[in-house]
Structures are given as structure tokens and as C-alpha cells.
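**Student:** File structure_5.txt follows (compact mmCIF, C-alpha atoms):
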```
# COMPACT_ATOMS: atom_id res chain seq x y z
CA MET H 22 159.58 116.52 -15.67
CA ARG H 23 160.62 114.27 -12.77
CA LYS H 24 159.44 116.90 -10.29
CA ILE H 25 156.03 117.03 -11.95
CA PHE H 26 155.84 113.22 -11.84
CA PHE H 27 156.65 113.12 -8.13
CA LEU H 28 154.21 115.95 -7.41
CA ILE H 29 151.42 114.05 -9.14
CA LEU H 30 152.41 110.84 -7.34
CA ALA H 31 152.40 112.62 -3.98
CA ALA H 32 148.98 114.12 -4.69
CA GLN H 33 147.68 110.64 -5.62
CA LEU H 34 148.97 109.12 -2.40
CA MET H 35 147.35 111.80 -0.27
CA PRO H 36 143.77 112.11 -1.50
CA GLY H 37 142.81 114.10 1.57
CA THR H 38 145.04 116.94 0.50
CA SER H 39 144.29 117.09 -3.22
CA LEU H 40 143.09 120.40 -4.55
CA ALA H 41 140.10 118.80 -6.24
CA GLN H 42 138.94 117.40 -2.93
CA ASP H 43 139.02 120.79 -1.27
CA ALA H 44 136.54 122.16 -3.77
CA GLU H 45 133.47 122.64 -1.58
CA CYS H 46 130.14 121.03 -2.46
CA ALA H 47 130.76 119.76 -5.97
CA PHE H 48 127.50 118.11 -7.05
CA ALA H 49 127.56 115.37 -9.63
CA GLU H 50 123.88 114.54 -10.05
CA GLU H 51 120.50 116.17 -9.59
CA VAL H 52 117.46 114.08 -10.52
CA ILE H 53 113.76 114.84 -10.09
CA ASP H 54 111.42 111.85 -10.14
CA PRO H 55 108.64 112.83 -12.59
CA ALA H 56 106.09 110.66 -10.77
CA THR H 57 106.69 111.87 -7.23
CA SER H 58 108.56 115.15 -7.85
CA VAL H 59 111.08 113.99 -5.24
CA LYS H 60 114.45 115.59 -5.89
CA THR H 61 117.68 113.62 -5.41
CA ILE H 62 120.97 115.48 -5.16
CA SER H 63 124.33 113.69 -4.99
CA THR H 64 127.74 115.15 -4.34
CA ARG H 65 130.75 114.00 -6.35
CA TRP H 66 132.59 110.91 -5.15
CA TRP H 67 135.28 111.76 -2.64
CA PRO H 68 138.06 109.19 -2.20
CA MET H 69 138.57 107.70 1.26
CA THR H 70 141.64 105.60 0.51
CA SER H 71 145.09 106.01 -1.00
CA VAL H 72 145.96 104.37 -4.33
CA ILE H 73 148.02 101.65 -2.63
CA ALA H 74 145.27 100.48 -0.26
CA PRO H 75 143.95 96.96 -0.97
CA VAL H 76 140.33 98.08 -0.57
CA LYS H 77 139.45 101.25 -2.46
CA GLY H 78 136.65 103.40 -1.10
CA ALA H 79 134.92 106.64 -1.95
CA ILE H 80 131.90 108.35 -0.43
CA ARG H 81 129.25 110.84 -1.47
CA GLY H 82 126.41 112.63 0.28
CA VAL H 83 122.91 112.07 -1.08
CA SER H 84 119.76 114.05 -0.33
CA GLN H 85 116.49 112.43 -1.44
CA GLY H 86 113.45 114.44 -0.45
CA ASN H 87 113.73 114.83 3.31
CA SER H 88 116.04 111.83 3.74
CA LYS H 89 119.82 112.00 3.84
CA PHE H 90 122.12 109.14 2.86
CA LEU H 91 125.80 108.37 2.84
CA ALA H 92 126.67 106.46 -0.32
CA VAL H 93 129.82 104.34 -0.37
CA ARG H 94 131.61 103.02 -3.44
CA MET H 95 133.86 100.15 -2.46
CA THR H 96 136.13 98.10 -4.72
CA ALA H 97 138.07 95.11 -3.44
CA HIS H 98 139.28 91.65 -4.36
CA THR H 99 137.99 88.53 -2.75
CA PHE H 100 138.65 84.84 -3.35
CA TYR H 101 136.45 81.80 -3.78
CA PRO H 102 137.34 78.16 -4.25
CA LEU H 103 136.32 76.69 -7.60
CA PRO H 104 133.10 74.71 -7.32
CA ALA H 105 133.80 71.01 -7.00
CA ASP H 106 131.34 70.12 -9.77
CA LEU H 107 132.97 72.44 -12.33
CA ASP H 108 134.80 70.13 -14.73
CA ILE H 109 137.84 72.24 -15.52
CA SER H 110 141.61 71.59 -15.51
CA ALA H 111 144.63 73.91 -15.46
CA GLU H 112 145.27 73.23 -19.16
CA ASP H 113 141.62 73.90 -19.99
CA THR H 114 141.81 77.29 -18.34
CA GLU H 115 144.31 78.70 -20.82
CA LEU H 116 142.31 77.46 -23.80
CA ILE H 117 139.02 78.57 -22.38
CA THR H 118 140.35 82.07 -21.68
CA LYS H 119 141.75 82.35 -25.22
CA HIS H 120 138.58 81.18 -26.91
CA GLY H 121 136.25 83.28 -24.80
CA LYS H 122 134.27 80.32 -23.54
CA TYR H 123 135.34 80.78 -19.99
CA ASP H 124 132.52 83.04 -18.89
CA ALA H 125 129.85 80.72 -20.20
CA ARG H 126 131.13 77.85 -18.07
CA LEU H 127 131.60 79.84 -14.91
CA ASN H 128 128.68 82.25 -15.25
CA PRO H 129 126.05 80.14 -13.48
CA PHE H 130 128.30 79.86 -10.46
CA ILE H 131 129.14 83.59 -10.49
CA GLU H 132 125.46 84.48 -10.75
CA LYS H 133 124.77 82.27 -7.76
CA LEU H 134 127.50 84.08 -5.79
CA GLN H 135 126.15 87.47 -6.83
CA ASN H 136 122.70 86.51 -5.57
CA GLU H 137 123.77 84.68 -2.42
CA SER H 138 127.19 85.93 -1.31
CA PHE H 139 128.42 89.18 -2.82
CA PHE H 140 125.41 91.37 -2.29
CA VAL H 141 124.78 93.92 0.45
CA PRO H 142 121.40 93.02 2.01
CA GLY H 143 118.95 95.57 3.39
CA GLY H 144 119.78 96.25 7.05
CA SER H 145 123.52 95.69 6.53
CA THR H 146 125.76 97.85 8.64
CA LEU H 147 128.37 100.45 7.89
CA ARG H 148 130.46 101.08 10.99
CA ILE H 149 132.30 104.38 10.97
CA THR H 150 135.07 105.04 13.51
CA LEU H 151 135.49 108.71 14.32
CA GLU H 152 138.55 110.68 15.32
CA ASP H 153 137.60 110.44 19.02
CA GLN H 154 137.59 106.60 18.65
CA THR H 155 133.82 106.36 19.05
CA THR H 156 131.83 104.50 16.41
CA VAL H 157 128.61 105.18 14.54
CA VAL H 158 126.63 102.39 12.89
CA VAL H 159 124.31 103.18 9.99
CA ARG H 160 122.31 100.73 7.88
CA THR H 161 121.11 100.17 4.34
CA VAL H 162 117.37 100.27 3.73
CA ALA H 163 117.45 98.18 0.54
CA ASP H 164 119.39 95.30 -1.03
CA TYR H 165 122.34 96.34 -3.20
CA LYS H 166 123.73 94.11 -5.92
CA VAL H 167 127.46 93.99 -6.42
CA ARG H 168 129.23 94.29 -9.76
CA SER H 169 131.96 91.72 -10.21
CA ASN H 170 134.80 90.82 -12.57
CA VAL H 171 136.20 87.34 -12.32
CA ASP H 172 139.84 86.47 -13.01
CA ARG H 173 140.64 83.09 -14.53
CA PRO H 174 141.03 80.28 -11.99
CA ARG H 175 144.43 79.66 -10.42
CA TRP H 176 145.75 76.44 -9.02
CA ASN H 177 147.31 76.39 -5.56
CA SER H 178 150.41 74.39 -4.67
CA ASN H 179 148.26 71.90 -2.73
CA GLY H 180 146.27 71.08 -5.88
CA SER H 181 143.17 73.04 -4.89
CA SER H 182 141.95 75.87 -7.08
CA HIS H 183 140.42 79.28 -6.60
CA PHE H 184 139.42 82.31 -8.56
CA ARG H 185 139.82 85.96 -7.69
CA VAL H 186 136.83 88.26 -7.95
CA ARG H 187 136.97 92.03 -8.12
CA VAL H 188 133.78 93.32 -6.50
CA THR H 189 132.36 96.82 -6.66
CA ALA H 190 129.45 97.82 -4.45
CA GLU H 191 127.65 101.13 -4.12
CA PRO H 192 125.27 100.84 -1.15
CA ARG H 193 123.54 103.81 0.44
CA TYR H 194 123.14 104.20 4.19
CA LEU H 195 120.29 106.12 5.79
CA LEU H 196 121.45 108.84 8.19
CA ASP H 197 119.19 109.58 11.14
CA THR H 198 119.38 112.78 13.18
CA GLU H 199 121.96 111.39 15.58
CA ALA H 200 124.21 110.04 12.81
CA LEU H 201 123.99 113.38 11.00
CA HIS H 202 124.98 115.21 14.17
CA VAL H 203 127.93 112.96 15.00
CA LEU H 204 129.25 112.54 11.46
CA THR H 205 129.27 116.26 10.80
CA ALA H 206 130.90 116.99 14.18
CA LYS H 207 133.98 114.78 13.86
CA PRO H 208 136.26 113.52 11.08
CA ALA H 209 136.33 109.77 10.46
CA ILE H 210 139.26 107.37 10.65
CA ASN H 211 137.88 104.29 8.95
CA MET H 212 134.73 102.43 7.96
CA ARG H 213 133.73 98.78 7.85
CA LEU H 214 131.22 97.74 5.23
CA GLU H 215 129.21 94.57 5.76
CA SER H 216 128.22 92.37 2.81
CA GLN H 217 126.33 89.09 2.89
CA ASP H 218 129.40 86.93 3.47
CA ARG H 219 132.19 89.18 4.79
CA TYR H 220 133.34 92.65 5.85
CA TYR H 221 135.52 95.19 4.07
CA THR H 222 137.46 97.70 6.19
CA PHE H 223 139.03 100.76 4.66
CA GLY H 224 140.16 104.26 5.48
CA HIS H 225 143.00 106.66 5.18
CA ARG H 226 146.43 105.45 6.04
CA GLN H 227 149.87 106.97 6.11
CA PRO H 228 151.50 105.29 3.09
CA PHE H 229 154.42 102.93 3.75
CA ALA H 230 154.06 103.45 7.50
CA SER H 231 153.55 99.84 8.52
CA ARG H 232 156.33 97.88 10.16
CA HIS H 233 154.12 94.93 11.01
CA PRO H 234 154.63 91.35 9.88
CA PHE H 235 151.09 90.94 8.55
CA MET H 236 148.30 93.37 7.76
CA THR H 237 145.02 93.40 9.64
CA PRO H 238 141.80 95.29 8.82
CA LEU H 239 142.72 98.29 10.94
CA SER H 240 146.30 98.46 9.61
CA TRP H 241 145.03 100.39 6.60
CA SER H 242 143.14 103.02 8.47
CA GLU H 243 144.94 105.11 11.03
CA LYS H 244 144.56 108.62 9.69
CA THR H 245 141.65 111.03 9.98
CA ASN H 246 140.01 112.59 6.97
CA LEU H 247 137.33 115.16 6.45
CA THR H 248 135.53 113.83 3.40
CA ILE H 249 132.45 112.43 5.16
CA GLN H 250 131.92 115.67 7.05
CA LYS H 251 132.24 117.66 3.85
CA ALA H 252 129.95 115.40 1.83
CA ILE H 253 127.17 115.34 4.43
CA ASN H 254 127.35 119.08 5.07
CA CYS H 255 126.83 119.59 1.34
CA VAL H 256 123.44 117.83 1.38
CA LEU H 257 122.04 119.22 4.65
CA MET X 29 187.30 137.12 41.16
CA PHE X 30 183.86 138.63 40.58
CA CYS X 31 184.42 138.61 36.86
CA ARG X 32 185.60 134.99 36.90
CA SER X 33 182.53 133.71 38.82
CA SER X 34 180.25 135.73 36.55
CA VAL X 35 181.83 134.16 33.53
CA ILE X 36 181.40 130.69 35.04
CA LYS X 37 177.75 131.44 35.81
CA VAL X 38 177.16 132.67 32.29
CA ILE X 39 178.81 129.57 30.83
CA ALA X 40 176.84 127.30 33.17
CA LEU X 41 173.60 129.05 32.25
CA SER X 42 174.35 128.94 28.56
CA LEU X 43 174.94 125.19 28.87
CA ALA X 44 171.98 124.52 31.14
CA VAL X 45 169.34 126.36 29.13
CA PRO X 46 169.80 124.40 25.88
CA LEU X 47 170.05 121.16 27.89
CA LEU X 48 166.78 122.01 29.63
CA PHE X 49 165.05 122.71 26.36
CA SER X 50 166.50 119.67 24.65
CA SER X 51 165.36 117.37 27.47
CA SER X 52 161.82 118.79 27.50
CA GLY X 53 161.85 118.59 23.73
CA ALA X 54 162.83 114.94 23.89
CA ASN X 55 160.02 114.20 26.36
CA ALA X 56 157.52 116.03 24.19
CA ALA X 57 158.76 114.12 21.16
CA LYS X 58 158.18 110.81 22.97
CA CYS X 59 154.54 111.69 23.67
CA LYS X 60 153.09 111.42 20.20
CA PHE X 61 149.31 111.15 20.16
CA GLN X 62 147.27 109.29 17.61
CA THR X 63 144.11 110.85 19.02
CA ASP X 64 144.04 114.21 20.74
CA THR X 65 140.54 115.59 20.65
CA VAL X 66 137.31 115.87 22.63
CA ASN X 67 134.52 113.28 22.72
CA VAL X 68 131.72 114.46 20.47
CA SER X 69 128.99 113.48 22.97
CA SER X 70 130.49 113.99 26.43
CA GLY X 71 132.90 116.83 25.64
CA GLU X 72 135.64 114.95 27.55
CA LYS X 73 139.25 115.37 26.49
CA ILE X 74 140.43 112.18 24.72
CA ARG X 75 144.08 111.30 24.23
CA TRP X 76 145.48 108.08 22.80
CA THR X 77 149.24 107.78 22.37
CA LYS X 78 150.39 106.43 19.03
CA TRP X 79 150.18 102.65 18.73
CA ASP X 80 153.59 101.11 19.28
CA THR X 81 154.76 97.54 18.81
CA PHE X 82 154.89 96.14 22.30
CA THR X 83 156.31 92.67 21.91
CA LEU X 84 160.08 92.42 21.78
CA ARG X 85 160.05 89.26 19.71
CA ILE X 86 157.39 89.49 17.03
CA ASP X 87 155.87 86.08 16.67
CA LYS X 88 154.81 85.36 13.11
CA ASP X 89 151.26 84.53 14.17
CA HIS X 90 150.58 87.14 16.82
CA TYR X 91 151.90 90.37 18.17
CA VAL X 92 150.47 93.24 20.15
CA LEU X 93 150.49 97.04 19.97
CA LEU X 94 150.17 99.33 22.94
CA SER X 95 148.70 102.76 23.67
CA GLY X 96 148.17 104.88 26.77
CA ILE X 97 144.64 106.28 26.83
CA SER X 98 143.12 109.12 28.83
CA GLU X 99 139.43 109.98 28.65
CA GLY X 100 138.57 112.82 30.99
CA ASP X 101 139.70 111.65 34.45
CA ARG X 102 139.86 107.97 33.48
CA ARG X 103 142.99 106.16 32.34
CA PHE X 104 143.30 102.98 30.27
CA LEU X 105 145.92 100.68 28.89
CA GLY X 106 145.05 100.22 25.21
CA LEU X 107 146.01 96.88 23.66
CA ARG X 108 145.69 95.98 20.01
CA PRO X 109 146.46 92.29 19.54
CA HIS X 110 147.01 91.04 15.98
CA VAL X 111 146.24 87.39 15.57
CA ARG X 112 146.63 85.22 12.48
CA LYS X 113 145.10 81.81 11.93
CA LEU X 114 145.59 79.61 8.87
CA GLN X 115 142.68 77.47 7.70
CA PRO X 116 141.98 75.36 4.61
CA ASP X 117 138.48 76.69 3.89
CA ARG X 118 137.34 80.16 2.93
CA PRO X 119 136.36 81.90 6.18
CA THR X 120 132.66 82.34 6.73
CA LYS X 121 131.13 85.35 8.40
CA THR X 122 130.87 83.31 11.59
CA ASP X 123 134.63 82.62 11.39
CA LEU X 124 135.26 86.35 10.98
CA ASP X 125 133.02 87.27 13.92
CA SER X 126 134.47 84.66 16.26
CA ALA X 127 138.22 84.87 15.50
CA LEU X 128 138.95 87.09 18.51
CA VAL X 129 136.25 87.81 21.09
CA ILE X 130 137.02 89.48 24.39
CA PRO X 131 134.35 88.87 27.06
CA GLU X 132 132.81 91.61 29.14
CA ALA X 133 135.11 92.30 32.12
CA GLY X 134 137.77 90.29 30.25
CA LYS X 135 140.98 89.89 32.21
CA LEU X 136 144.51 90.86 31.26
CA SER X 137 147.13 89.20 33.49
CA ILE X 138 150.48 90.99 33.45
CA LEU X 139 153.56 89.16 34.68
CA LEU X 140 155.89 91.84 36.04
CA SER X 141 159.67 91.74 36.37
CA ASP X 142 159.45 90.93 40.12
CA ASP X 143 157.33 87.87 39.15
CA SER X 144 154.17 89.34 40.66
CA VAL X 145 151.00 89.31 38.55
CA LEU X 146 148.86 92.38 38.01
CA GLU X 147 145.29 91.95 36.75
CA LEU X 148 143.44 94.52 34.64
CA HIS X 149 139.87 94.27 33.32
CA THR X 150 137.98 95.66 30.35
CA ASP X 151 134.77 97.55 30.94
CA LYS X 152 133.09 96.04 27.86
CA GLY X 153 133.34 93.07 25.54
CA THR X 154 134.98 93.38 22.12
CA ILE X 155 134.66 91.51 18.83
CA GLY X 156 137.79 91.74 16.71
CA ASP X 157 137.82 92.93 13.09
CA SER X 158 138.83 90.17 10.71
CA ASP X 159 139.92 90.02 7.11
CA PHE X 160 141.47 87.22 5.09
CA GLU X 161 143.94 86.59 2.32
CA LEU X 162 144.68 83.53 0.24
CA PHE X 163 148.18 82.10 0.21
CA LYS X 164 149.70 80.24 -2.75
CA SER X 165 149.60 77.13 -0.61
CA GLY X 166 145.82 77.28 -0.92
CA LYS X 167 145.35 78.11 2.75
CA TYR X 168 143.40 81.11 3.93
CA SER X 169 145.03 83.44 6.43
CA LEU X 170 142.47 84.92 8.80
CA ASN X 171 143.96 88.17 10.13
CA THR X 172 142.29 89.79 13.11
CA ASP X 173 142.87 92.75 15.34
CA ALA X 174 140.89 94.33 18.13
CA ILE X 175 141.21 97.44 20.21
CA ILE X 176 140.77 96.64 23.89
CA LYS X 177 140.80 99.14 26.72
CA TYR X 178 141.80 98.00 30.22
CA SER X 179 140.91 100.31 33.10
CA LEU X 180 143.76 101.69 35.18
CA ASN X 181 143.73 103.23 38.64
CA SER X 182 146.46 105.02 40.56
CA TYR X 183 147.72 101.74 42.11
CA THR X 184 147.96 99.83 38.81
CA MET X 185 149.55 102.81 37.04
CA LYS X 186 152.12 103.22 39.80
CA THR X 187 152.90 99.49 39.89
CA MET X 188 153.32 99.26 36.11
CA ALA X 189 155.45 102.41 35.99
CA ALA X 190 157.94 100.80 38.39
CA GLN X 191 158.31 97.42 36.65
CA ARG X 192 159.10 95.81 33.34
CA ILE X 193 156.57 93.47 31.75
CA LYS X 194 157.62 89.86 31.08
CA GLN X 195 154.38 88.38 29.80
CA LEU X 196 150.78 89.27 28.99
CA LYS X 197 147.97 86.75 29.22
CA LEU X 198 144.94 87.95 27.31
CA GLU X 199 141.59 86.37 28.19
CA THR X 200 139.35 85.59 25.20
CA VAL X 201 136.16 83.53 25.03
CA ASP X 202 138.25 80.71 23.47
CA GLY X 203 140.96 80.71 26.14
CA ASN X 204 144.06 82.79 26.81
CA ILE X 205 146.56 84.19 24.33
CA ASP X 206 150.09 84.74 25.68
CA PHE X 207 152.44 87.45 24.52
CA GLU X 208 156.05 86.97 25.59
CA PHE X 209 158.59 89.76 26.04
CA GLY X 210 161.93 87.98 26.33
CA GLY X 211 164.12 87.50 29.42
CA LYS X 212 164.38 91.06 30.72
CA GLY X 213 160.87 92.08 29.74
CA SER X 214 159.60 95.24 28.09
CA SER X 215 159.50 98.74 29.51
CA LYS X 216 157.76 100.44 26.60
CA HIS X 217 154.57 100.84 28.62
CA LYS X 218 156.34 103.21 31.01
CA GLU X 219 156.68 106.02 28.49
CA LYS X 220 153.10 105.51 27.26
CA LEU X 221 151.70 105.71 30.79
CA ALA X 222 153.86 108.76 31.55
CA CYS X 223 152.22 110.54 28.60
CA ILE X 224 148.72 110.19 30.12
CA GLN X 225 149.53 111.04 33.75
```
Can you give me the file's structure in the form of C-alpha cells?
**Tutor:**
Amino acid sequence: MRKIFFLILAAQLMPGTSLAQDAECAFAEEVIDPATSVKTISTRWWPMTSVIAPVKGAIRGVSQGNSKFLAVRMTAHTFYPLPADLDISAEDTELITKHGKYDARLNPFIEKLQNESFFVPGGSTLRITLEDQTTVVVRTVADYKVRSNVDRPRWNSNGSSHFRVRVTAEPRYLLDTEALHVLTAKPAINMRLESQDRYYTFGHRQPFASRHPFMTPLSWSEKTNLTIQKAINCVL
Amino acid sequence: MFCRSSVIKVIALSLAVPLLFSSSGANAAKCKFQTDTVNVSSGEKIRWTKWDTFTLRIDKDHYVLLSGISEGDRRFLGLRPHVRKLQPDRPTKTDLDSALVIPEAGKLSILLSDDSVLELHTDKGTIGDSDFELFKSGKYSLNTDAIIKYSLNSYTMKTMAAQRIKQLKLETVDGNIDFEFGGKGSSKHKEKLACIQ
């Protein structure tokens, strides 16, 4: 029983080596637009990060008519200070959470963030670092909204307050001929996704390998993986 | 007499061969490469040794990793400084993009163990990658790293291979960042440079 547990745990920590991931060209969706007859094919989501990484990422290849895209699903936590005009105290927070009134009071502010801060605007970059340490930059061609879950506010020791937001984005990046050539020729090490107000860096990493006093964006991404190559080859 | 010398030779050989293999094995083990491939566009052979902590005393707000890099016939010293800044406000995108910027032809001054100073230069500017976390104190920690390549030639490689490093002075657009290596200095760069000879 313990062996099975550790086997499953090991497989979870090394997504690049899981059996499911080695299944070639697993397609999850095929949609034909009735108005234009344009066919869209999407591969399954392939994980890019281990379960312990702070930013979780997965990618899929998408073919839409003659255009090819790399879709990225990214989930991460980010923090925002509580708005100064929100009349809320530490004691209120407990009550509000229990009585379900919390969302109503914070929703206008969250909506504002979703429209002005969280989202991935058209033209935003995805920078992919390849095994040979060169980089490729691809861009979105549309705005992408971000789904978000908001934790209850927390008070800091200096009296200020913040709330933690779990954001999930699924932008698509257009791949031109050069990007297709390079991304199918070399495995990737990491990618950096740009949103309206920050960047999220993620990639494969050897678990528990860090001996460093504090983590930086590239600390989580030092290992090559083949998922982008596989996903794009599936939609060519 | 013949038999005795033959026996000695056999013993000497049997001792020497494993020693030879173990020493070459140890050298090979030291040269671990993070990147060992060919450039997708140029077809050049690319080798980066594994990043290694360079500073002897890790300062809580900055430290630096080191790699020896070979790209075709060119050689580079790879530096990956990690810099942390604490600030009261949530970092903006401008904060993230300006936390660590290395100018084009940025200078790296290396204080060697004989107190001479060697200067290396980058061949392009670099903007560091930044992320942030929120501490319980309410302060935001802006964590940044950047990969910077400094060109090497036969003179600079030879000079560095013969000396320990006491201090690095990294030129950024906001001034210099110093990395100290203690009294004796560090010699970790020697093995990295030997791997890309």
C-alpha cells in the first residue's frame, strides 16, 4: 500500500514522465463553427509544472482554421491591499464570512480588479525559454478575462490589510511560422505570462532542489520538458 | 629478479589504472551541464555548466549564481544575481520591470586575490525577471533574478583561472551591486571555466 502511495506521489511530482502525458496527440475538443464552418481542434491539457510549484501551468495546442495557437492555463495566487474606502474590521470579517455577506461587500472592488488589473490584454506576451537558452515571444490577439476566487481579508502585523486572490487565466497565443519552427525544434524550460499588472513565471523544476535563501521567478524552472513540442506537433 | 620487477610493475599498473579512471571520473563529475545542446537557429554547440552558488557568505538580500558558458567558439561567464527588495506597497509592473536592469555593454568589475581588477562586459542589456510575495509584516518582497552573460577572451580566462575572486561589482542602471566573497575569496569559477575550455 505504501509503495503504491509513493509511486503515485512520484508520478505526481514528475508530470513530464507520467504515462498519461506520453500518450501521443490526445484531443479534448473538436468544434465546427456552424456559421463559418471553421474547425477548431484542441489537444488535452498537458501540465507544465509539478504539484508543489507556486504557479501551476498547463498548455494545449489549438488549431483554428489555418491558424495555430498555444493555449496556456495558469493558476496562481496574488495579493492586493484592501481598498481604503472599504469599511471593514477584523471582527467584521469573521461575521461577514459566516453570514455569506462578504462577497456582496467586496464584489464591486473585485470586479474593478478583474476589469483593470487581472486580465490578459490583447498583445500581451508569453515568453518561452528554450533548452538552448534562447527565447521566443508570442502574443495574444484578444483580451482574456481571468477567473478569480478571493480569500477573506487578513490583517498584517503593521495594521494594514490585504486579501489573497487565486487567479486562473486561459489565454491563447498566436504562433507564426517562426514560432512554430522553433517551438517544435526544441524543448522548453520555462515560460513567463504577462497580465495587465504583473508577470507569472512557471516551468518544470527538480522538486526540493533549491538551496537558496529566497525564491525568484526562475528558481522554479530549471528543467526541460517536451509538452509544448508534443502539443504543437499534434495540431500541425 | 625478473619476476620481482614484473610483480612490482603489475602492482603499480593495477594501482595506477583505477587511480587514472577515478581522477578522470571525478573531473567528469565536476563538469555537470545544465544545457548541452545545439542552438536551434545557428546550429552552434551550446554548453552551460550547472548554476552554482558563487558567494561564500549568502547575504539575506542578495546572492549570485555562476555558470561557465560556451557557444560555438565564444566563451562567457554567466552570472545570475538574485536581489530582494522590501517595499510597503504592492509592486507595480514598472517596479517589476525596473528592479534589476543591466545596461548594454554593462560592466562587471572583478577584484582578484592579487588586488588587481579585471573588467568584463555584456554584449547586450538585460531586464531581470521579478516576482513578489507578501510578508506577515505587510511588506512586499520583490524578488528578482537575471541571467547575464559576460564575454571572455583567452586573456581574461587565463587571468581568472589563476586567481581567486574577492569581490564582484555588478553595474546596473541604478548603480553598482557588490557581492563579497570573504577574506580568501572564492575559487569556484576555476572549475566552471575549466569545463568550457
**Student:** Find, counting all atoms listed in the file, the residue in X:Ser98, X:Asn204, X:Gln195, X:Thr150 that gets nearest to chain H.
**Tutor:**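 So, comparing all the options, the nearest one is X:Ser98.
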**Student:** Determine, counting all atoms listed in the file, which protein, DNA and RNA residues have an atom within 7 Å of an atom of Phe100 (chain H); residues of the same chain fewer than 4 positions away are not included. Present the result as a PyMOL selection string.
**Tutor:** chain H and resi 183-186
**Student:** When distances are computed from only C-alpha atoms, which of H:Val256, H:Trp67, H:Arg160, H:Val76 shows the smallest separation from Leu195 (chain H)?
**Tutor:**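 Nearest to Leu195 (chain H): H:Arg160.
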**Student:** Would you kindly report the residues of chain X within 8 Å of chain H, using only C-alpha atoms, as number ranges by chain?
**Tutor:** X: 63-68, 74, 86, 88, 110, 118, 120-121, 124, 157-159, 161-162, 164-166, 171-173
**Student:** Ranking H:Gly224, H:Thr156, H:Tyr165, H:Pro55 by minimum distance to Pro75 (chain H) and counting all atoms listed in the file, which one comes first?
**Tutor:** H:Gly224
**Student:** Residues near region 166-170 of chain H, anyone? I mean within 6 Å using all atoms listed in the file, not counting same-chain ones fewer than 3 positions away, as a PyMOL selection string.
**Tutor:** chain H and resi 140+186-190
**Student:** With a distance cut-off of 8 Å and all atoms listed in the file, select the neighbouring residues of Lys212 (chain X), excluding the residue or stretch itself and same-chain residues fewer than 2 positions from it, and output the selection as a ChimeraX atom specification.
**Tutor:** /X:141,192,194,209-210,214
**Student:** Within 12 Å of Ile193 (chain X), counting all atoms listed in the file, which residues show up once you throw out same-chain ones fewer than 2 positions away? Write them as a PyMOL selection string, please.
**Tutor:** chain X and resi 82-84+137-146+187-191+195-197+207-218
**Student:** Could you please determine the separation between CA of Glu45 (chain H) and CA of Cys255 (chain H) in Å, to one decimal place?
**Tutor:** 7.9 Å
**Student:** Which distance in Å separates CA of Tyr183 (chain X) and CA of Cys59 (chain X), to one decimal?
**Tutor:**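 Going from CA of Tyr183 (chain X) over to CA of Cys59 (chain X), I get 22.0 Å.
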**Student:** Distance CA of Cys46 (chain H)-CA of Asp164 (chain H), one decimal place?
**Tutor:** 27.9 Å
